[in-house]
>>> print(open('final-v7.pdb').read())   # PDB, C-alpha atoms, pLDDT in the B column
ATOM      1  CA  MET Y   1       0.000   0.000   0.000  1.00 46.00           C
ATOM      2  CA  PRO Y   2       1.468   3.377  -0.969  1.00 51.00           C
ATOM      3  CA  ASN Y   3       0.420   5.062   2.319  1.00 75.00           C
ATOM      4  CA  ASN Y   4       2.550   2.726   4.417  1.00 83.00           C
ATOM      5  CA  LEU Y   5       5.752   4.132   5.882  1.00 85.00           C
ATOM      6  CA  ILE Y   6       7.354   0.696   5.724  1.00 90.00           C
ATOM      7  CA  GLU Y   7       6.305  -2.477   3.911  1.00 92.00           C
ATOM      8  CA  LEU Y   8       7.629  -6.005   4.309  1.00 94.00           C
ATOM      9  CA  ASN Y   9       6.985  -8.141   1.248  1.00 94.00           C
ATOM     10  CA  ASN Y  10       7.388 -11.955   1.329  1.00 95.00           C
ATOM     11  CA  ILE Y  11      10.200 -11.867   3.892  1.00 95.00           C
ATOM     12  CA  SER Y  12      12.000 -15.136   4.685  1.00 95.00           C
ATOM     13  CA  TYR Y  13      14.914 -15.758   7.030  1.00 95.00           C
ATOM     14  CA  ALA Y  14      16.622 -18.837   8.472  1.00 94.00           C
ATOM     15  CA  TYR Y  15      19.434 -19.492  10.937  1.00 92.00           C
ATOM     16  CA  HIS Y  16      22.223 -21.764   9.692  1.00 88.00           C
ATOM     17  CA  ASN Y  17      24.953 -23.854  11.268  1.00 83.00           C
ATOM     18  CA  LEU Y  18      27.270 -26.549   9.938  1.00 80.00           C
ATOM     19  CA  HIS Y  19      24.651 -29.277  10.280  1.00 83.00           C
ATOM     20  CA  SER Y  20      21.230 -27.774   9.821  1.00 86.00           C
ATOM     21  CA  GLU Y  21      18.996 -24.868   8.931  1.00 88.00           C
ATOM     22  CA  THR Y  22      16.295 -23.412  11.204  1.00 89.00           C
ATOM     23  CA  PRO Y  23      13.692 -21.369   9.311  1.00 91.00           C
ATOM     24  CA  ALA Y  24      12.518 -18.395  11.412  1.00 93.00           C
ATOM     25  CA  LEU Y  25      10.308 -16.431   8.999  1.00 95.00           C
ATOM     26  CA  GLN Y  26       8.685 -17.529   5.750  1.00 94.00           C
ATOM     27  CA  ASP Y  27       6.820 -15.448   3.178  1.00 95.00           C
ATOM     28  CA  LEU Y  28       5.901 -12.827   5.783  1.00 95.00           C
ATOM     29  CA  SER Y  29       4.235  -9.608   4.612  1.00 95.00           C
ATOM     30  CA  PHE Y  30       2.680  -6.548   6.259  1.00 95.00           C
ATOM     31  CA  GLY Y  31       2.890  -2.760   6.244  1.00 94.00           C
ATOM     32  CA  VAL Y  32       2.858  -0.025   8.885  1.00 94.00           C
ATOM     33  CA  LYS Y  33       1.456   3.454   8.298  1.00 92.00           C
ATOM     34  CA  GLU Y  34       3.170   6.598   9.532  1.00 89.00           C
ATOM     35  CA  GLY Y  35       2.084   7.329  13.099  1.00 90.00           C
ATOM     36  CA  GLU Y  36       0.532   3.885  13.557  1.00 94.00           C
ATOM     37  CA  PHE Y  37       1.067   1.767  16.685  1.00 93.00           C
ATOM     38  CA  VAL Y  38       1.220  -1.924  15.713  1.00 96.00           C
ATOM     39  CA  ALA Y  39       1.542  -4.795  18.189  1.00 96.00           C
ATOM     40  CA  ILE Y  40       2.866  -8.205  17.125  1.00 96.00           C
ATOM     41  CA  VAL Y  41       2.023 -11.380  19.045  1.00 96.00           C
ATOM     42  CA  GLY Y  42       2.899 -14.988  18.341  1.00 93.00           C
ATOM     43  CA  PRO Y  43       3.987 -18.271  19.930  1.00 92.00           C
ATOM     44  CA  SER Y  44       7.216 -18.265  21.917  1.00 87.00           C
ATOM     45  CA  GLY Y  45      10.204 -18.787  19.632  1.00 86.00           C
ATOM     46  CA  CYS Y  46       8.314 -18.017  16.424  1.00 89.00           C
ATOM     47  CA  GLY Y  47      10.791 -15.337  15.285  1.00 89.00           C
ATOM     48  CA  LYS Y  48       9.341 -12.078  16.620  1.00 91.00           C
ATOM     49  CA  SER Y  49      12.701 -10.682  17.760  1.00 90.00           C
ATOM     50  CA  THR Y  50      14.287 -11.822  14.482  1.00 93.00           C
ATOM     51  CA  LEU Y  51      11.613  -9.822  12.686  1.00 94.00           C
ATOM     52  CA  LEU Y  52      12.498  -6.658  14.628  1.00 92.00           C
ATOM     53  CA  SER Y  53      16.190  -7.206  13.888  1.00 92.00           C
ATOM     54  CA  LEU Y  54      15.382  -7.361  10.168  1.00 93.00           C
ATOM     55  CA  ILE Y  55      13.331  -4.159  10.330  1.00 93.00           C
ATOM     56  CA  ALA Y  56      16.104  -2.457  12.318  1.00 90.00           C
ATOM     57  CA  GLY Y  57      18.643  -3.425   9.646  1.00 88.00           C
ATOM     58  CA  LEU Y  58      20.658  -5.646  12.016  1.00 90.00           C
ATOM     59  CA  LEU Y  59      19.918  -8.649   9.783  1.00 92.00           C
ATOM     60  CA  LYS Y  60      19.215  -8.917   6.058  1.00 92.00           C
ATOM     61  CA  PRO Y  61      16.318 -11.014   4.726  1.00 93.00           C
ATOM     62  CA  GLU Y  62      17.259 -14.075   2.695  1.00 94.00           C
ATOM     63  CA  ALA Y  63      14.232 -13.492   0.485  1.00 93.00           C
ATOM     64  CA  GLY Y  64      11.719 -10.687   0.060  1.00 93.00           C
ATOM     65  CA  THR Y  65      12.034  -6.916   0.335  1.00 91.00           C
ATOM     66  CA  ILE Y  66      11.556  -4.119   2.845  1.00 90.00           C
ATOM     67  CA  THR Y  67      10.207  -1.009   1.117  1.00 87.00           C
ATOM     68  CA  ILE Y  68      10.082   2.558   2.449  1.00 82.00           C
ATOM     69  CA  ASN Y  69       7.483   5.127   1.395  1.00 77.00           C
ATOM     70  CA  ASN Y  70       8.299   8.466   3.010  1.00 66.00           C
ATOM     71  CA  PRO Y  71       5.637  11.209   2.850  1.00 63.00           C
ATOM     72  CA  ASP Y  72       7.960  13.385   0.769  1.00 65.00           C
ATOM     73  CA  GLY Y  73       8.340  10.629  -1.825  1.00 62.00           C
ATOM     74  CA  SER Y  74      11.935   9.811  -0.887  1.00 62.00           C
ATOM     75  CA  LEU Y  75      13.077   6.254  -0.263  1.00 60.00           C
ATOM     76  CA  HIS Y  76      15.631   6.829   2.510  1.00 68.00           C
ATOM     77  CA  TYR Y  77      15.360   4.359   5.397  1.00 73.00           C
ATOM     78  CA  PRO Y  78      13.769   5.972   8.459  1.00 74.00           C
ATOM     79  CA  LYS Y  79      15.842   6.494  11.576  1.00 83.00           C
ATOM     80  CA  VAL Y  80      15.096   3.476  13.747  1.00 88.00           C
ATOM     81  CA  GLY Y  81      15.179   3.225  17.542  1.00 89.00           C
ATOM     82  CA  LEU Y  82      15.269  -0.257  19.093  1.00 88.00           C
ATOM     83  CA  MET Y  83      14.373  -0.785  22.757  1.00 86.00           C
ATOM     84  CA  LEU Y  84      15.092  -4.243  24.178  1.00 82.00           C
ATOM     85  CA  GLN Y  85      13.607  -6.279  27.028  1.00 77.00           C
ATOM     86  CA  ARG Y  86      16.304  -5.208  29.501  1.00 80.00           C
ATOM     87  CA  ASP Y  87      17.256  -1.610  30.188  1.00 84.00           C
ATOM     88  CA  HIS Y  88      21.032  -2.220  29.772  1.00 89.00           C
ATOM     89  CA  LEU Y  89      21.885   0.921  31.762  1.00 93.00           C
ATOM     90  CA  PHE Y  90      25.508   1.276  32.878  1.00 95.00           C
ATOM     91  CA  GLU Y  91      25.879   1.504  36.648  1.00 95.00           C
ATOM     92  CA  TRP Y  92      29.048   3.591  36.414  1.00 95.00           C
ATOM     93  CA  ARG Y  93      27.148   6.329  34.572  1.00 96.00           C
ATOM     94  CA  THR Y  94      24.455   8.569  36.009  1.00 96.00           C
ATOM     95  CA  VAL Y  95      20.938   8.490  34.569  1.00 96.00           C
ATOM     96  CA  TYR Y  96      21.738  11.590  32.535  1.00 96.00           C
ATOM     97  CA  LYS Y  97      25.001  10.126  31.235  1.00 96.00           C
ATOM     98  CA  ASN Y  98      23.117   6.937  30.309  1.00 96.00           C
ATOM     99  CA  VAL Y  99      20.370   8.687  28.346  1.00 95.00           C
ATOM    100  CA  ILE Y 100      22.834  10.751  26.301  1.00 95.00           C
ATOM    101  CA  LEU Y 101      25.058   7.739  25.511  1.00 94.00           C
ATOM    102  CA  GLY Y 102      23.696   7.328  21.970  1.00 92.00           C
ATOM    103  CA  LEU Y 103      24.186  11.026  21.285  1.00 93.00           C
ATOM    104  CA  GLU Y 104      27.721  10.800  22.615  1.00 94.00           C
ATOM    105  CA  ILE Y 105      28.584   7.796  20.425  1.00 93.00           C
ATOM    106  CA  ASN Y 106      27.116   9.487  17.343  1.00 91.00           C
ATOM    107  CA  HIS Y 107      28.803  12.856  18.083  1.00 92.00           C
ATOM    108  CA  LEU Y 108      25.401  14.560  18.431  1.00 93.00           C
ATOM    109  CA  LEU Y 109      25.802  16.374  21.759  1.00 94.00           C
ATOM    110  CA  THR Y 110      24.329  19.528  20.252  1.00 95.00           C
ATOM    111  CA  PRO Y 111      22.163  22.120  22.048  1.00 95.00           C
ATOM    112  CA  HIS Y 112      19.141  20.889  20.059  1.00 95.00           C
ATOM    113  CA  HIS Y 113      19.543  17.259  21.140  1.00 94.00           C
ATOM    114  CA  LEU Y 114      20.425  18.112  24.741  1.00 96.00           C
ATOM    115  CA  ASP Y 115      17.382  20.378  25.038  1.00 96.00           C
ATOM    116  CA  TYR Y 116      15.264  17.515  23.702  1.00 94.00           C
ATOM    117  CA  VAL Y 117      16.722  15.135  26.310  1.00 95.00           C
ATOM    118  CA  HIS Y 118      15.927  17.683  29.029  1.00 95.00           C
ATOM    119  CA  ARG Y 119      12.292  17.817  27.859  1.00 93.00           C
ATOM    120  CA  LEU Y 120      12.098  14.017  27.794  1.00 93.00           C
ATOM    121  CA  LEU Y 121      13.455  13.788  31.338  1.00 94.00           C
ATOM    122  CA  GLN Y 122      10.720  16.193  32.421  1.00 93.00           C
ATOM    123  CA  ASP Y 123       7.978  14.393  30.464  1.00 89.00           C
ATOM    124  CA  TYR Y 124       8.969  11.004  31.899  1.00 88.00           C
ATOM    125  CA  ASP Y 125       9.355  12.348  35.476  1.00 90.00           C
ATOM    126  CA  LEU Y 126      13.086  11.627  35.679  1.00 94.00           C
ATOM    127  CA  GLU Y 127      14.460  15.172  35.812  1.00 95.00           C
ATOM    128  CA  GLN Y 128      15.003  15.042  39.579  1.00 95.00           C
ATOM    129  CA  PHE Y 129      16.776  11.671  39.260  1.00 96.00           C
ATOM    130  CA  LYS Y 130      19.183  12.573  36.451  1.00 95.00           C
ATOM    131  CA  ASP Y 131      22.215  12.518  38.764  1.00 96.00           C
ATOM    132  CA  LYS Y 132      21.306   9.159  40.348  1.00 96.00           C
ATOM    133  CA  ARG Y 133      22.823   5.794  39.448  1.00 96.00           C
ATOM    134  CA  PRO Y 134      20.651   3.077  37.876  1.00 95.00           C
ATOM    135  CA  SER Y 135      20.715   1.019  41.101  1.00 94.00           C
ATOM    136  CA  GLU Y 136      18.910   3.893  42.833  1.00 95.00           C
ATOM    137  CA  LEU Y 137      15.939   3.683  40.434  1.00 93.00           C
ATOM    138  CA  SER Y 138      12.887   1.436  40.421  1.00 89.00           C
ATOM    139  CA  GLY Y 139      12.363  -1.005  37.544  1.00 86.00           C
ATOM    140  CA  GLY Y 140       9.818   1.285  35.916  1.00 86.00           C
ATOM    141  CA  MET Y 141      12.132   4.293  36.155  1.00 90.00           C
ATOM    142  CA  LYS Y 142      14.948   2.290  34.551  1.00 91.00           C
ATOM    143  CA  GLN Y 143      12.692   1.442  31.611  1.00 86.00           C
ATOM    144  CA  ARG Y 144      11.758   5.099  31.240  1.00 88.00           C
ATOM    145  CA  ALA Y 145      15.454   5.991  31.200  1.00 93.00           C
ATOM    146  CA  ALA Y 146      16.118   3.322  28.560  1.00 91.00           C
ATOM    147  CA  LEU Y 147      13.307   4.704  26.415  1.00 89.00           C
ATOM    148  CA  ILE Y 148      14.646   8.265  26.708  1.00 91.00           C
ATOM    149  CA  ARG Y 149      18.049   6.979  25.577  1.00 93.00           C
ATOM    150  CA  THR Y 150      16.300   5.466  22.528  1.00 91.00           C
ATOM    151  CA  LEU Y 151      14.211   8.566  21.800  1.00 91.00           C
ATOM    152  CA  ALA Y 152      17.140  10.969  22.228  1.00 92.00           C
ATOM    153  CA  LEU Y 153      18.294  10.176  18.681  1.00 90.00           C
ATOM    154  CA  GLU Y 154      14.815  11.171  17.418  1.00 90.00           C
ATOM    155  CA  PRO Y 155      13.964   7.952  15.556  1.00 89.00           C
ATOM    156  CA  GLU Y 156      11.116   8.019  13.057  1.00 87.00           C
ATOM    157  CA  LEU Y 157      10.332   4.340  13.663  1.00 90.00           C
ATOM    158  CA  LEU Y 158      10.358   2.961  17.213  1.00 91.00           C
ATOM    159  CA  LEU Y 159      10.794  -0.800  17.713  1.00 93.00           C
ATOM    160  CA  LEU Y 160       9.897  -2.143  21.171  1.00 92.00           C
ATOM    161  CA  ASP Y 161      10.953  -5.738  21.934  1.00 90.00           C
ATOM    162  CA  GLU Y 162       8.907  -6.708  25.018  1.00 87.00           C
ATOM    163  CA  PRO Y 163      10.152  -3.613  26.869  1.00 81.00           C
ATOM    164  CA  PHE Y 164       7.935  -4.174  29.934  1.00 79.00           C
ATOM    165  CA  SER Y 165       8.385  -7.933  30.403  1.00 78.00           C
ATOM    166  CA  ALA Y 166      10.973  -7.600  33.192  1.00 72.00           C
ATOM    167  CA  LEU Y 167       8.613  -5.549  35.391  1.00 77.00           C
ATOM    168  CA  ASP Y 168       6.160  -6.852  37.973  1.00 78.00           C
ATOM    169  CA  TYR Y 169       2.526  -6.852  36.850  1.00 79.00           C
ATOM    170  CA  GLN Y 170       1.377  -3.690  38.628  1.00 80.00           C
ATOM    171  CA  THR Y 171       4.418  -1.695  37.533  1.00 78.00           C
ATOM    172  CA  ARG Y 172       4.054  -3.068  34.012  1.00 81.00           C
ATOM    173  CA  LEU Y 173       0.470  -1.825  33.772  1.00 82.00           C
ATOM    174  CA  MET Y 174       1.340   1.677  34.957  1.00 79.00           C
ATOM    175  CA  VAL Y 175       4.594   2.072  33.015  1.00 78.00           C
ATOM    176  CA  SER Y 176       3.265   0.675  29.719  1.00 80.00           C
ATOM    177  CA  ALA Y 177       0.211   2.936  29.883  1.00 79.00           C
ATOM    178  CA  ASP Y 178       2.296   6.000  30.743  1.00 78.00           C
ATOM    179  CA  ILE Y 179       4.925   5.342  28.093  1.00 78.00           C
ATOM    180  CA  CYS Y 180       2.289   4.609  25.447  1.00 80.00           C
ATOM    181  CA  ARG Y 181       0.525   7.894  26.203  1.00 77.00           C
ATOM    182  CA  LEU Y 182       3.755   9.855  25.749  1.00 77.00           C
ATOM    183  CA  ILE Y 183       4.772   7.953  22.610  1.00 81.00           C
ATOM    184  CA  ARG Y 184       1.373   8.569  21.024  1.00 80.00           C
ATOM    185  CA  LYS Y 185       1.651  12.248  21.901  1.00 79.00           C
ATOM    186  CA  SER Y 186       4.954  12.360  19.994  1.00 81.00           C
ATOM    187  CA  GLY Y 187       3.327  10.866  16.865  1.00 83.00           C
ATOM    188  CA  LYS Y 188       6.000   8.175  16.490  1.00 87.00           C
ATOM    189  CA  THR Y 189       5.440   5.101  14.353  1.00 91.00           C
ATOM    190  CA  VAL Y 190       5.725   2.093  16.674  1.00 93.00           C
ATOM    191  CA  ILE Y 191       6.051  -1.673  16.333  1.00 95.00           C
ATOM    192  CA  LEU Y 192       5.695  -3.501  19.659  1.00 94.00           C
ATOM    193  CA  ILE Y 193       6.546  -7.158  20.279  1.00 94.00           C
ATOM    194  CA  THR Y 194       4.669  -8.604  23.256  1.00 93.00           C
ATOM    195  CA  HIS Y 195       3.427 -11.902  24.706  1.00 90.00           C
ATOM    196  CA  ASP Y 196       0.683 -10.075  26.622  1.00 90.00           C
ATOM    197  CA  LEU Y 197      -2.543  -9.994  24.594  1.00 94.00           C
ATOM    198  CA  SER Y 198      -4.147  -7.463  26.951  1.00 91.00           C
ATOM    199  CA  GLU Y 199      -1.158  -5.184  26.463  1.00 90.00           C
ATOM    200  CA  ALA Y 200      -1.332  -5.576  22.680  1.00 93.00           C
ATOM    201  CA  ILE Y 201      -5.045  -4.743  22.559  1.00 93.00           C
ATOM    202  CA  SER Y 202      -4.940  -1.812  24.989  1.00 89.00           C
ATOM    203  CA  LEU Y 203      -1.892  -0.106  23.458  1.00 89.00           C
ATOM    204  CA  SER Y 204      -2.141  -0.630  19.709  1.00 91.00           C
ATOM    205  CA  ASP Y 205      -4.127   0.424  16.650  1.00 93.00           C
ATOM    206  CA  ARG Y 206      -3.688  -3.015  15.100  1.00 96.00           C
ATOM    207  CA  VAL Y 207      -2.533  -6.460  16.264  1.00 97.00           C
ATOM    208  CA  LEU Y 208      -0.631  -8.823  13.940  1.00 97.00           C
ATOM    209  CA  VAL Y 209      -0.848 -12.483  14.943  1.00 96.00           C
ATOM    210  CA  LEU Y 210       2.086 -14.625  13.785  1.00 96.00           C
ATOM    211  CA  SER Y 211       2.050 -18.374  13.254  1.00 94.00           C
ATOM    212  CA  LYS Y 212       4.458 -20.811  14.847  1.00 92.00           C
ATOM    213  CA  ARG Y 213       7.965 -20.990  13.324  1.00 89.00           C
ATOM    214  CA  PRO Y 214       8.621 -20.341  10.486  1.00 92.00           C
ATOM    215  CA  ALA Y 215       6.411 -17.339  11.155  1.00 93.00           C
ATOM    216  CA  ARG Y 216       3.959 -15.795   8.752  1.00 94.00           C
ATOM    217  CA  VAL Y 217       1.152 -13.335   9.428  1.00 95.00           C
ATOM    218  CA  LYS Y 218      -1.926 -15.411  10.288  1.00 94.00           C
ATOM    219  CA  GLU Y 219      -4.249 -12.482  10.924  1.00 95.00           C
ATOM    220  CA  GLU Y 220      -4.343  -8.691  11.130  1.00 96.00           C
ATOM    221  CA  VAL Y 221      -6.816  -7.400  13.724  1.00 96.00           C
ATOM    222  CA  PRO Y 222      -7.663  -3.666  13.699  1.00 96.00           C
ATOM    223  CA  ILE Y 223      -8.466  -2.474  17.231  1.00 94.00           C
ATOM    224  CA  ARG Y 224     -11.478  -0.170  17.608  1.00 92.00           C
ATOM    225  CA  LEU Y 225     -12.472   0.454  21.218  1.00 89.00           C
ATOM    226  CA  THR Y 226     -15.360   2.695  22.222  1.00 85.00           C
ATOM    227  CA  LEU Y 227     -14.809   4.300  25.611  1.00 74.00           C
ATOM    228  CA  PRO Y 228     -14.927   7.814  27.081  1.00 60.00           C
ATOM    229  CA  ASP Y 229     -11.354   7.620  28.402  1.00 67.00           C
ATOM    230  CA  ALA Y 230      -8.853   6.717  25.680  1.00 66.00           C
ATOM    231  CA  SER Y 231      -6.061   5.782  28.109  1.00 73.00           C
ATOM    232  CA  PRO Y 232      -4.497   2.291  27.795  1.00 75.00           C
ATOM    233  CA  LEU Y 233      -5.628   1.374  31.318  1.00 78.00           C
ATOM    234  CA  ALA Y 234      -9.220   2.374  30.629  1.00 79.00           C
ATOM    235  CA  ALA Y 235      -9.082   0.454  27.328  1.00 83.00           C
ATOM    236  CA  ARG Y 236      -9.121  -2.814  29.285  1.00 86.00           C
ATOM    237  CA  HIS Y 237     -12.666  -1.979  30.422  1.00 83.00           C
ATOM    238  CA  ALA Y 238     -13.997  -1.176  26.942  1.00 89.00           C
ATOM    239  CA  PRO Y 239     -17.021  -3.303  25.944  1.00 90.00           C
ATOM    240  CA  GLU Y 240     -15.152  -4.697  22.909  1.00 93.00           C
ATOM    241  CA  PHE Y 241     -12.007  -5.645  24.841  1.00 92.00           C
ATOM    242  CA  GLN Y 242     -12.954  -9.189  25.858  1.00 94.00           C
ATOM    243  CA  GLY Y 243     -14.165  -9.957  22.337  1.00 95.00           C
ATOM    244  CA  TYR Y 244     -10.821  -8.926  20.865  1.00 96.00           C
ATOM    245  CA  PHE Y 245      -8.965 -10.935  23.514  1.00 96.00           C
ATOM    246  CA  SER Y 246     -10.982 -14.104  22.848  1.00 96.00           C
ATOM    247  CA  TYR Y 247     -10.657 -13.774  19.079  1.00 96.00           C
ATOM    248  CA  ILE Y 248      -6.893 -13.124  19.071  1.00 96.00           C
ATOM    249  CA  TRP Y 249      -6.357 -15.987  21.528  1.00 95.00           C
ATOM    250  CA  GLU Y 250      -8.311 -18.321  19.239  1.00 95.00           C
ATOM    251  CA  VAL Y 251      -6.258 -17.290  16.200  1.00 94.00           C
ATOM    252  CA  LEU Y 252      -3.016 -17.582  18.172  1.00 93.00           C
ATOM    253  CA  THR Y 253      -3.712 -21.072  19.488  1.00 90.00           C
ATOM    254  CA  ASN Y 254      -5.250 -22.497  16.312  1.00 86.00           C
ATOM    255  CA  ASP Y 255      -2.501 -24.477  14.568  1.00 70.00           C
ATOM    256  CA  GLN Y 256      -4.220 -24.409  11.180  1.00 57.00           C
TER     257      GLN Y 256
END
>>> encode(input="final-v7.pdb", output="structure tokens")
Amino acid sequence: MPNNLIELNNISYAYHNLHSETPALQDLSFGVKEGEFVAIVGPSGCGKSTLLSLIAGLLKPEAGTITINNPDGSLHYPKVGLMLQRDHLFEWRTVYKNVILGLEINHLLTPHHLDYVHRLLQDYDLEQFKDKRPSELSGGMKQRAALIRTLALEPELLLLDEPFSALDYQTRLMVSADICRLIRKSGKTVILITHDLSEAISLSDRVLVLSKRPARVKEEVPIRLTLPDASPLAARHAPEFQGYFSYIWEVLTNDQ
């Protein structure tokens, strides 16, 4: 579709060693529109993280193409930010030194970028903790710091690989809802990998359900919730929520 920011067309990828080949993805296709929040769910080990690595450019597909359609008609690959399951903050650096690490590595410690980091620290309620060490932060605060480090480089496409999975359930609910609200406010295009169907439904505009390995897209489920409060936490109480959950679970667990 021409209005997609990024399109994956018939992507295949396999892992090889001296004795065997393990297919991870096969003939996988989908697109993501600019500003869209897409969640991807699938069986454990089906290749979801491999898929993000391909989109991030860390791996190259063995077959198929990844096509870019920028609004201005150019074909340059969007700046991509990848946030992993763990925060990977360095204890010997303060929170502030951690969040500017990407800027430092890329020689981008400019007034513009540093002002942006300052605004992010304020938006994510970490300004008063910028001189603390990671061990002095809660799990949710560490994830916020990791996200700021990712956003500091101003990516156009944000890839989230189960970024809340290491948190306890209550913290996960609060942090995922808060982070989603701020990401949506920024207008970023987001692809989220998650095992949590409730999280996928409450945060995203569309859920892609992958098959078991080698993964393909079994179903695309647009999410349309009617509720007075559009927050991710309130979304779990929408009248359509349970129907989406039951349907996606059925698609996910059906081996056909």
>>> closest_residue(input="final-v7.pdb", among="Y:Leu173, Y:Ala166, Y:Ile193, Y:Ala24", to="Val209 (chain Y)", atoms="all atoms listed in the file")
Y:Ile193
>>> atom_distance(input="final-v7.pdb", atom1="CA of Leu159 (chain Y)", atom2="CA of Ser49 (chain Y)")
10.1 Å
>>> residues_around(input="final-v7.pdb", residues="Asp255 (chain Y)", least_positions_apart="2", cutoff="10 Å", atoms="all atoms listed in the file", output="list of chain:residue names")
Y:Ser211, Y:Lys212, Y:Glu250, Y:Val251, Y:Leu252, Y:Thr253
>>> resolve_selection(input="final-v7.pdb", expression="the PyMOL selection byres ((chain Y and resi 233) around 8)", output="ChimeraX atom specification")
/Y:173-174,177,202,231-232,234-237
>>> residues_around(input="final-v7.pdb", residues="Ile179 (chain Y)", least_positions_apart="5", cutoff="9 Å", atoms="all atoms listed in the file", output="compact mmCIF listing (two decimals) with C-alpha atoms, in the frame of the given file")
# COMPACT_ATOMS: atom_id res chain seq x y z
CA TYR Y 124 8.97 11.00 31.90
CA ARG Y 144 11.76 5.10 31.24
CA LEU Y 147 13.31 4.70 26.42
CA MET Y 174 1.34 1.68 34.96
CA ARG Y 184 1.37 8.57 21.02
>>> residues_near_point(input="final-v7.pdb", point="(11.8, -12.3, 7.7)", cutoff="10 Å", atoms="all atoms listed in the file", output="compact mmCIF listing (two decimals) with C-alpha atoms, keeping the file's coordinate frame")
# COMPACT_ATOMS: atom_id res chain seq x y z
CA LEU Y 8 7.63 -6.00 4.31
CA ASN Y 9 6.98 -8.14 1.25
CA ASN Y 10 7.39 -11.96 1.33
CA ILE Y 11 10.20 -11.87 3.89
CA SER Y 12 12.00 -15.14 4.68
CA TYR Y 13 14.91 -15.76 7.03
CA ALA Y 14 16.62 -18.84 8.47
CA PRO Y 23 13.69 -21.37 9.31
CA ALA Y 24 12.52 -18.40 11.41
CA LEU Y 25 10.31 -16.43 9.00
CA GLN Y 26 8.68 -17.53 5.75
CA ASP Y 27 6.82 -15.45 3.18
CA LEU Y 28 5.90 -12.83 5.78
CA SER Y 29 4.24 -9.61 4.61
CA GLY Y 47 10.79 -15.34 15.28
CA LYS Y 48 9.34 -12.08 16.62
CA THR Y 50 14.29 -11.82 14.48
CA LEU Y 51 11.61 -9.82 12.69
CA LEU Y 52 12.50 -6.66 14.63
CA SER Y 53 16.19 -7.21 13.89
CA LEU Y 54 15.38 -7.36 10.17
CA ILE Y 55 13.33 -4.16 10.33
CA LEU Y 59 19.92 -8.65 9.78
CA LYS Y 60 19.22 -8.92 6.06
CA PRO Y 61 16.32 -11.01 4.73
CA GLU Y 62 17.26 -14.08 2.70
CA ALA Y 63 14.23 -13.49 0.48
CA GLY Y 64 11.72 -10.69 0.06
CA THR Y 65 12.03 -6.92 0.34
CA ILE Y 66 11.56 -4.12 2.84
CA PRO Y 214 8.62 -20.34 10.49
CA ALA Y 215 6.41 -17.34 11.16
CA ARG Y 216 3.96 -15.80 8.75
>>> atom_distance(input="final-v7.pdb", atom1="CA of His112 (chain Y)", atom2="CA of Glu156 (chain Y)")
16.7 Å
>>> atom_distance(input="final-v7.pdb", atom1="CA of Arg206 (chain Y)", atom2="CA of Ala39 (chain Y)")
6.3 Å
>>> closest_residue(input="final-v7.pdb", among="Y:Thr150, Y:Leu208, Y:Val221, Y:Gln170", to="Met83 (chain Y)", atoms="all atoms listed in the file")
Y:Thr150
>>> residues_around(input="final-v7.pdb", residues="Leu114 (chain Y)", least_positions_apart="6", cutoff="10 Å", atoms="all atoms listed in the file", output="PyMOL selection string")
chain Y and resi 100+103+108+120+152
>>> closest_residue(input="final-v7.pdb", among="Y:Pro78, Y:Asp196, Y:Lys142, Y:Glu240", to="Glu162 (chain Y)", atoms="all atoms listed in the file")
Y:Asp196
>>> closest_residue(input="final-v7.pdb", among="Y:Arg172, Y:Arg149, Y:His16, Y:Arg181", to="Leu203 (chain Y)", atoms="all atoms listed in the file")
Y:Arg181
>>> axis_aligned_box(input="final-v7.pdb", around="region 209-219 of chain Y", padding_each_side="6 Å", output="lines of an AutoDock Vina configuration file")
center_x = 2.2
center_y = -16.7
center_z = 11.8
size_x = 24.9
size_y = 20.5
size_z = 18.2
>>> residues_around(input="final-v7.pdb", residues="Asp87 (chain Y)", least_positions_apart="4", cutoff="12 Å", atoms="only C-alpha atoms", output="ChimeraX atom specification")
/Y:82-83,91,95,98-99,134-135,137-150,160-167
>>> closest_residue(input="final-v7.pdb", among="Y:His118, Y:Leu182, Y:Ser20, Y:Thr194", to="Gln85 (chain Y)", atoms="all atoms listed in the file")
Y:Thr194
>>> resolve_selection(input="final-v7.pdb", expression="the PyMOL selection byres ((chain Y and resi 35) around 7)", output="number ranges by chain")
Y: 33-34, 36-37, 187-189
>>> closest_residue(input="final-v7.pdb", among="Y:Thr171, Y:Glu219, Y:Tyr96, Y:Ala200", to="Leu121 (chain Y)", atoms="all atoms listed in the file")
Y:Tyr96
>>> residues_around(input="final-v7.pdb", residues="Pro222 (chain Y)", least_positions_apart="4", cutoff="10 Å", atoms="only C-alpha atoms", output="ChimeraX atom specification")
/Y:38,201,204-208,244
>>> decode(input="final-v7.pdb", residues="region 4-9 of chain Y", atoms="N, CA and C atoms", output="CSV table (one decimal), in the first residue's frame")
chain,number,residue,atom,x,y,z
Y,4,ASN,N,1.8,3.3,3.3
Y,4,ASN,CA,2.5,2.7,4.4
Y,4,ASN,C,3.9,3.4,4.5
Y,5,LEU,N,4.4,3.6,5.7
Y,5,LEU,CA,5.8,4.1,5.9
Y,5,LEU,C,6.8,3.0,5.5
Y,6,ILE,N,6.5,1.8,6.0
Y,6,ILE,CA,7.4,0.7,5.7
Y,6,ILE,C,6.5,-0.5,5.4
Y,7,GLU,N,7.0,-1.3,4.4
Y,7,GLU,CA,6.3,-2.5,3.9
Y,7,GLU,C,7.3,-3.6,3.9
Y,8,LEU,N,6.9,-4.8,4.4
Y,8,LEU,CA,7.6,-6.0,4.3
Y,8,LEU,C,6.9,-6.9,3.3
Y,9,ASN,N,7.6,-7.4,2.3
Y,9,ASN,CA,7.0,-8.1,1.2
Y,9,ASN,C,7.7,-9.5,1.1
